Amino acid sequence: MKKLLSFALLALMFSGCSIMAPSYTPSVKSIQAIKTSGAAPVAVSKATAAKPGLNNVSLRGNTLKSPYGDYSSYVEQALKKELTDAGLLDDKSTVVIGTQLTKNDIDVAMGTGKGDLAAVFTVTKAGKKIFEKEITAHEEWESSFVGAIAIPNAMNAYPTLVNTLVTNLFKDKDFLKSIAK
């Protein structure tokens, strides 16, 4: 009976409320990749979403809020943090990276949770577009029928999903060519 009551309390705690996604933490691997790529310092413009629904994430009826206001800003801040740690962010640069979020899906399924993220990244140099491409990311993680397990697992997987997106951008040869010194 005590276990059943504890489970019921946990289920109530995680139903229909708002929870905050973890802040983004840069990855040493992606920082090294961009740092050693021969990239010049760049600026990052304000990110946007292709449609309003992309800035909403629901995990079994719970709203996952971005610590940066919205999810296009989450990707923008991740990019800025990675570039700052690599010593490559310069707000005065004429080379500017733009981001438009095009996909932001989290599936808190039983057994395996899945996330898919995509954004169109552009690079402009002195106002002229020199790069535009949609970059995607996919991650999977252990999930559960039990919401008290599945929801935190999905919530904690989100920064990894964003890191995969940023890393995939930093690996793109055309992107690297567009920001080269």
# chains A, B, ... in the order shown; residues from 1 in each chain; ligands from 1

call {"tool": "residues_around", "arguments": {"residues": "range 62-68 of chain A", "least_positions_apart": "4", "cutoff": "8 Å", "atoms": "only C-alpha atoms", "output": "number ranges by chain"}}
result
A: 14-23, 56-58, 73-74, 77, 155

call {"tool": "write_last_selection", "arguments": {"atoms": "all heavy atoms", "output": "compact mmCIF listing (two decimals), in the first residue's frame"}}
result
# COMPACT_ATOMS: atom_id res chain seq x y z
N PHE A 14 4.21 14.66 -11.50
CA PHE A 14 4.68 14.82 -12.88
C PHE A 14 3.54 14.98 -13.89
O PHE A 14 3.79 14.94 -15.08
CB PHE A 14 5.56 13.65 -13.28
CG PHE A 14 6.94 13.73 -12.71
CD1 PHE A 14 7.35 12.87 -11.71
CD2 PHE A 14 7.83 14.69 -13.16
CE1 PHE A 14 8.62 12.95 -11.19
CE2 PHE A 14 9.10 14.78 -12.64
CZ PHE A 14 9.50 13.91 -11.65
N SER A 15 2.31 15.15 -13.45
CA SER A 15 1.23 15.25 -14.42
C SER A 15 0.77 16.69 -14.56
O SER A 15 0.47 17.36 -13.59
CB SER A 15 0.06 14.36 -14.02
OG SER A 15 -0.48 14.80 -12.79
N GLY A 16 0.73 17.15 -15.81
CA GLY A 16 0.16 18.44 -16.12
C GLY A 16 0.89 19.66 -15.60
O GLY A 16 0.30 20.72 -15.52
N CYS A 17 2.13 19.55 -15.27
CA CYS A 17 2.83 20.71 -14.76
C CYS A 17 3.93 21.14 -15.73
O CYS A 17 4.21 20.47 -16.70
CB CYS A 17 3.41 20.44 -13.38
SG CYS A 17 4.65 19.14 -13.33
N SER A 18 4.52 22.26 -15.42
CA SER A 18 5.66 22.74 -16.20
C SER A 18 6.95 22.36 -15.50
O SER A 18 7.06 22.51 -14.29
CB SER A 18 5.60 24.26 -16.34
OG SER A 18 4.54 24.63 -17.16
N ILE A 19 7.90 21.90 -16.28
CA ILE A 19 9.21 21.57 -15.75
C ILE A 19 10.25 22.26 -16.63
O ILE A 19 10.02 22.51 -17.81
CB ILE A 19 9.45 20.04 -15.67
CG1 ILE A 19 9.03 19.35 -16.98
CG2 ILE A 19 8.73 19.44 -14.49
CD1 ILE A 19 9.20 17.84 -16.99
N MET A 20 11.38 22.58 -16.05
CA MET A 20 12.42 23.31 -16.76
C MET A 20 13.44 22.34 -17.34
O MET A 20 13.95 21.47 -16.64
CB MET A 20 13.13 24.28 -15.80
CG MET A 20 14.08 25.23 -16.46
SD MET A 20 13.32 26.42 -17.58
CE MET A 20 12.37 27.42 -16.46
N ALA A 21 13.74 22.53 -18.60
CA ALA A 21 14.78 21.73 -19.25
C ALA A 21 16.13 22.14 -18.67
O ALA A 21 16.32 23.29 -18.26
CB ALA A 21 14.78 21.99 -20.76
N PRO A 22 17.08 21.22 -18.61
CA PRO A 22 18.41 21.56 -18.11
C PRO A 22 19.08 22.58 -19.04
O PRO A 22 18.84 22.59 -20.24
CB PRO A 22 19.18 20.24 -18.15
CG PRO A 22 18.16 19.17 -18.32
CD PRO A 22 16.97 19.80 -18.96
N SER A 23 19.90 23.42 -18.47
CA SER A 23 20.69 24.36 -19.27
C SER A 23 21.68 23.59 -20.13
O SER A 23 22.06 22.47 -19.80
CB SER A 23 21.46 25.32 -18.35
OG SER A 23 20.55 26.12 -17.64
N ASN A 56 7.37 24.63 -28.40
CA ASN A 56 6.65 23.94 -27.33
C ASN A 56 7.08 22.48 -27.29
O ASN A 56 7.13 21.82 -28.33
CB ASN A 56 5.14 23.99 -27.58
CG ASN A 56 4.62 25.40 -27.64
OD1 ASN A 56 5.01 26.24 -26.85
ND2 ASN A 56 3.76 25.67 -28.61
N VAL A 57 7.41 21.99 -26.10
CA VAL A 57 7.75 20.58 -25.93
C VAL A 57 6.86 20.02 -24.83
O VAL A 57 6.82 20.57 -23.72
CB VAL A 57 9.24 20.38 -25.57
CG1 VAL A 57 9.53 18.93 -25.24
CG2 VAL A 57 10.14 20.86 -26.70
N SER A 58 6.16 18.94 -25.14
CA SER A 58 5.29 18.29 -24.18
C SER A 58 5.81 16.88 -23.90
O SER A 58 6.12 16.14 -24.84
CB SER A 58 3.87 18.23 -24.72
OG SER A 58 3.02 17.59 -23.80
N SER A 73 15.85 29.78 -29.10
CA SER A 73 16.89 30.43 -28.29
C SER A 73 17.79 29.41 -27.60
O SER A 73 18.96 29.69 -27.36
CB SER A 73 16.26 31.35 -27.24
OG SER A 73 15.59 32.41 -27.86
N TYR A 74 17.25 28.24 -27.29
CA TYR A 74 18.07 27.17 -26.68
C TYR A 74 19.19 26.79 -27.65
O TYR A 74 20.35 26.69 -27.26
CB TYR A 74 17.19 25.95 -26.36
CG TYR A 74 17.82 24.97 -25.41
CD1 TYR A 74 17.36 24.84 -24.11
CD2 TYR A 74 18.89 24.14 -25.80
CE1 TYR A 74 17.92 23.92 -23.23
CE2 TYR A 74 19.46 23.23 -24.93
CZ TYR A 74 18.98 23.13 -23.65
OH TYR A 74 19.54 22.23 -22.77
N GLN A 77 21.71 29.69 -27.94
CA GLN A 77 22.60 29.77 -26.78
C GLN A 77 23.62 28.64 -26.77
O GLN A 77 24.78 28.83 -26.39
CB GLN A 77 21.80 29.78 -25.47
CG GLN A 77 21.00 31.05 -25.26
CD GLN A 77 21.89 32.29 -25.27
OE1 GLN A 77 22.95 32.33 -24.64
NE2 GLN A 77 21.47 33.29 -26.02
N MET A 155 13.77 14.68 -20.36
CA MET A 155 14.19 16.04 -20.01
C MET A 155 15.72 16.14 -20.03
O MET A 155 16.29 17.07 -20.59
CB MET A 155 13.64 16.38 -18.62
CG MET A 155 13.97 17.75 -18.12
SD MET A 155 13.22 18.05 -16.50
CE MET A 155 14.25 17.02 -15.48

call {"tool": "residues_around", "arguments": {"residues": "Lys46 in chain A", "least_positions_apart": "4", "cutoff": "10 Å", "atoms": "only C-alpha atoms", "output": "PDB file with N, CA and C atoms, in the first residue's frame"}}
result
ATOM      1  N   SER A  72      14.121  27.823 -29.924  1.00  0.00           N
ATOM      2  CA  SER A  72      15.035  28.377 -30.925  1.00  0.00           C
ATOM      3  C   SER A  72      16.167  29.107 -30.201  1.00  0.00           C
ATOM      4  N   SER A  73      15.847  29.776 -29.096  1.00  0.00           N
ATOM      5  CA  SER A  73      16.887  30.434 -28.288  1.00  0.00           C
ATOM      6  C   SER A  73      17.790  29.414 -27.601  1.00  0.00           C
ATOM      7  N   GLU A  76      20.299  28.609 -30.167  1.00  0.00           N
ATOM      8  CA  GLU A  76      21.161  29.799 -30.303  1.00  0.00           C
ATOM      9  C   GLU A  76      22.173  29.871 -29.154  1.00  0.00           C
ATOM     10  N   GLN A  77      21.706  29.695 -27.935  1.00  0.00           N
ATOM     11  CA  GLN A  77      22.597  29.775 -26.777  1.00  0.00           C
ATOM     12  C   GLN A  77      23.624  28.638 -26.775  1.00  0.00           C
ATOM     13  N   ILE A  97      26.272  33.693 -38.188  1.00  0.00           N
ATOM     14  CA  ILE A  97      25.527  32.430 -38.271  1.00  0.00           C
ATOM     15  C   ILE A  97      24.087  32.696 -37.832  1.00  0.00           C
ATOM     16  N   GLY A  98      23.146  32.290 -38.678  1.00  0.00           N
ATOM     17  CA  GLY A  98      21.728  32.394 -38.354  1.00  0.00           C
ATOM     18  C   GLY A  98      21.136  31.008 -38.185  1.00  0.00           C
ATOM     19  N   THR A  99      20.082  30.914 -37.383  1.00  0.00           N
ATOM     20  CA  THR A  99      19.450  29.624 -37.095  1.00  0.00           C
ATOM     21  C   THR A  99      17.938  29.755 -37.175  1.00  0.00           C
ATOM     22  N   GLN A 100      17.310  28.833 -37.902  1.00  0.00           N
ATOM     23  CA  GLN A 100      15.855  28.732 -37.894  1.00  0.00           C
ATOM     24  C   GLN A 100      15.489  27.298 -37.544  1.00  0.00           C
TER      25      GLN A 100
END

call {"tool": "residues_around", "arguments": {"residues": "range 27-41 of chain A", "least_positions_apart": "4", "cutoff": "7 Å", "atoms": "only C-alpha atoms", "output": "number ranges by chain"}}
result
A: 82, 85-86, 88-90, 93, 167, 170, 176, 179-181

call {"tool": "closest_residue", "arguments": {"among": "A:Tyr158, A:Phe121, A:Phe145, A:Phe131", "to": "Tyr24 in chain A", "atoms": "only C-alpha atoms"}}
result
A:Tyr158

call {"tool": "closest_residue", "arguments": {"among": "A:Val108, A:Val123, A:Ile135, A:Ile130", "to": "Ala150 in chain A", "atoms": "only C-alpha atoms"}}
result
A:Val108

call {"tool": "residues_around", "arguments": {"residues": "Thr112 in chain A", "least_positions_apart": "5", "cutoff": "7 Å", "atoms": "only C-alpha atoms", "output": "JSON, numbers by chain"}}
result
{"A": [140, 141, 142, 143]}

call {"tool": "residues_around", "arguments": {"residues": "Thr102 in chain A", "least_positions_apart": "2", "cutoff": "12 Å", "atoms": "only C-alpha atoms", "output": "list of chain:residue names"}}
result
A:Ala47, A:Thr48, A:Ala49, A:Ala50, A:Lys51, A:Pro52, A:Gly53, A:Leu54, A:Asn55, A:Tyr71, A:Ser72, A:Val75, A:Thr99, A:Gln100, A:Asn104, A:Asp105, A:Asp116, A:Leu117, A:Ala118, A:Ala119, A:Val120, A:Phe121, A:Lys133, A:Glu134, A:Ile135, A:Thr136, A:Ala137

call {"tool": "write_last_selection", "arguments": {"atoms": "N, CA, C and O atoms", "output": "CSV table (one decimal), in the first residue's frame"}}
result
chain,number,residue,atom,x,y,z
A,47,ALA,N,18.1,33.5,-33.1
A,47,ALA,CA,17.4,32.3,-33.7
A,47,ALA,C,15.9,32.5,-33.8
A,47,ALA,O,15.3,33.2,-32.9
A,48,THR,N,15.3,31.9,-34.8
A,48,THR,CA,13.9,31.9,-34.9
A,48,THR,C,13.4,30.5,-35.1
A,48,THR,O,14.1,29.5,-35.2
A,49,ALA,N,12.0,30.3,-35.0
A,49,ALA,CA,11.4,29.1,-35.3
A,49,ALA,C,10.6,29.2,-36.6
A,49,ALA,O,10.0,30.2,-36.8
A,50,ALA,N,10.6,28.1,-37.4
A,50,ALA,CA,9.9,28.1,-38.7
A,50,ALA,C,8.4,28.2,-38.4
A,50,ALA,O,7.7,28.8,-39.3
A,51,LYS,N,7.9,27.7,-37.3
A,51,LYS,CA,6.5,27.9,-36.9
A,51,LYS,C,6.4,27.9,-35.4
A,51,LYS,O,7.2,27.3,-34.7
A,52,PRO,N,5.4,28.5,-34.8
A,52,PRO,CA,5.3,28.7,-33.4
A,52,PRO,C,5.3,27.4,-32.6
A,52,PRO,O,5.9,27.3,-31.5
A,53,GLY,N,4.7,26.3,-33.1
A,53,GLY,CA,4.6,25.1,-32.3
A,53,GLY,C,5.9,24.4,-32.0
A,53,GLY,O,6.1,23.6,-31.1
A,54,LEU,N,7.0,24.8,-32.7
A,54,LEU,CA,8.3,24.2,-32.5
A,54,LEU,C,8.9,24.7,-31.2
A,54,LEU,O,9.9,24.1,-30.7
A,55,ASN,N,8.4,25.8,-30.6
A,55,ASN,CA,8.9,26.2,-29.3
A,55,ASN,C,8.2,25.7,-28.1
A,55,ASN,O,8.3,26.1,-27.0
A,71,TYR,N,12.7,27.4,-27.5
A,71,TYR,CA,13.7,26.4,-28.0
A,71,TYR,C,14.6,26.9,-29.1
A,71,TYR,O,15.7,26.4,-29.3
A,72,SER,N,14.1,27.8,-29.9
A,72,SER,CA,15.0,28.4,-30.9
A,72,SER,C,16.2,29.1,-30.2
A,72,SER,O,17.3,29.0,-30.6
A,75,VAL,N,18.8,26.6,-28.9
A,75,VAL,CA,19.8,26.2,-29.9
A,75,VAL,C,20.8,27.4,-30.1
A,75,VAL,O,22.0,27.2,-30.2
A,99,THR,N,20.1,30.9,-37.4
A,99,THR,CA,19.4,29.6,-37.1
A,99,THR,C,17.9,29.8,-37.2
A,99,THR,O,17.4,30.7,-36.6
A,100,GLN,N,17.3,28.8,-37.9
A,100,GLN,CA,15.9,28.7,-37.9
A,100,GLN,C,15.5,27.3,-37.5
A,100,GLN,O,15.8,26.4,-38.3
A,104,ASN,N,11.4,19.9,-33.8
A,104,ASN,CA,11.7,19.8,-32.4
A,104,ASN,C,10.8,18.8,-31.8
A,104,ASN,O,9.8,19.2,-31.2
A,105,ASP,N,11.1,17.6,-32.0
A,105,ASP,CA,10.2,16.5,-31.5
A,105,ASP,C,10.8,15.6,-30.5
A,105,ASP,O,11.9,15.1,-30.6
A,116,ASP,N,14.1,14.2,-32.1
A,116,ASP,CA,14.6,14.7,-33.5
A,116,ASP,C,14.6,16.2,-33.5
A,116,ASP,O,13.6,16.8,-33.1
A,117,LEU,N,15.7,16.7,-33.9
A,117,LEU,CA,15.8,18.2,-33.9
A,117,LEU,C,16.4,18.5,-35.3
A,117,LEU,O,17.3,17.8,-35.8
A,118,ALA,N,16.0,19.7,-35.9
A,118,ALA,CA,16.5,20.1,-37.1
A,118,ALA,C,16.5,21.6,-37.1
A,118,ALA,O,15.6,22.3,-36.5
A,119,ALA,N,17.4,22.2,-37.8
A,119,ALA,CA,17.5,23.7,-38.0
A,119,ALA,C,18.1,24.0,-39.3
A,119,ALA,O,19.0,23.3,-39.8
A,120,VAL,N,17.7,25.1,-40.0
A,120,VAL,CA,18.3,25.6,-41.1
A,120,VAL,C,19.3,26.6,-40.6
A,120,VAL,O,19.0,27.6,-39.9
A,121,PHE,N,20.6,26.4,-40.9
A,121,PHE,CA,21.7,27.3,-40.5
A,121,PHE,C,22.1,28.1,-41.8
A,121,PHE,O,22.2,27.5,-42.8
A,133,LYS,N,21.8,25.5,-45.1
A,133,LYS,CA,21.6,24.0,-45.1
A,133,LYS,C,20.8,23.6,-43.8
A,133,LYS,O,21.1,24.2,-42.7
A,134,GLU,N,20.0,22.7,-44.0
A,134,GLU,CA,19.3,22.1,-42.8
A,134,GLU,C,20.2,21.0,-42.3
A,134,GLU,O,20.6,20.1,-43.0
A,135,ILE,N,20.4,21.1,-41.0
A,135,ILE,CA,21.2,20.1,-40.2
A,135,ILE,C,20.2,19.4,-39.3
A,135,ILE,O,19.4,20.0,-38.7
A,136,THR,N,20.4,18.1,-39.1
A,136,THR,CA,19.5,17.3,-38.3
A,136,THR,C,20.2,16.6,-37.2
A,136,THR,O,21.4,16.4,-37.3
A,137,ALA,N,19.5,16.2,-36.2
A,137,ALA,CA,20.0,15.4,-35.1
A,137,ALA,C,18.9,14.4,-34.6
A,137,ALA,O,17.7,14.7,-34.6

call {"tool": "closest_residue", "arguments": {"among": "A:Val95, A:Val162, A:Lys129, A:Ala157", "to": "Leu79 in chain A", "atoms": "only C-alpha atoms"}}
result
A:Val162
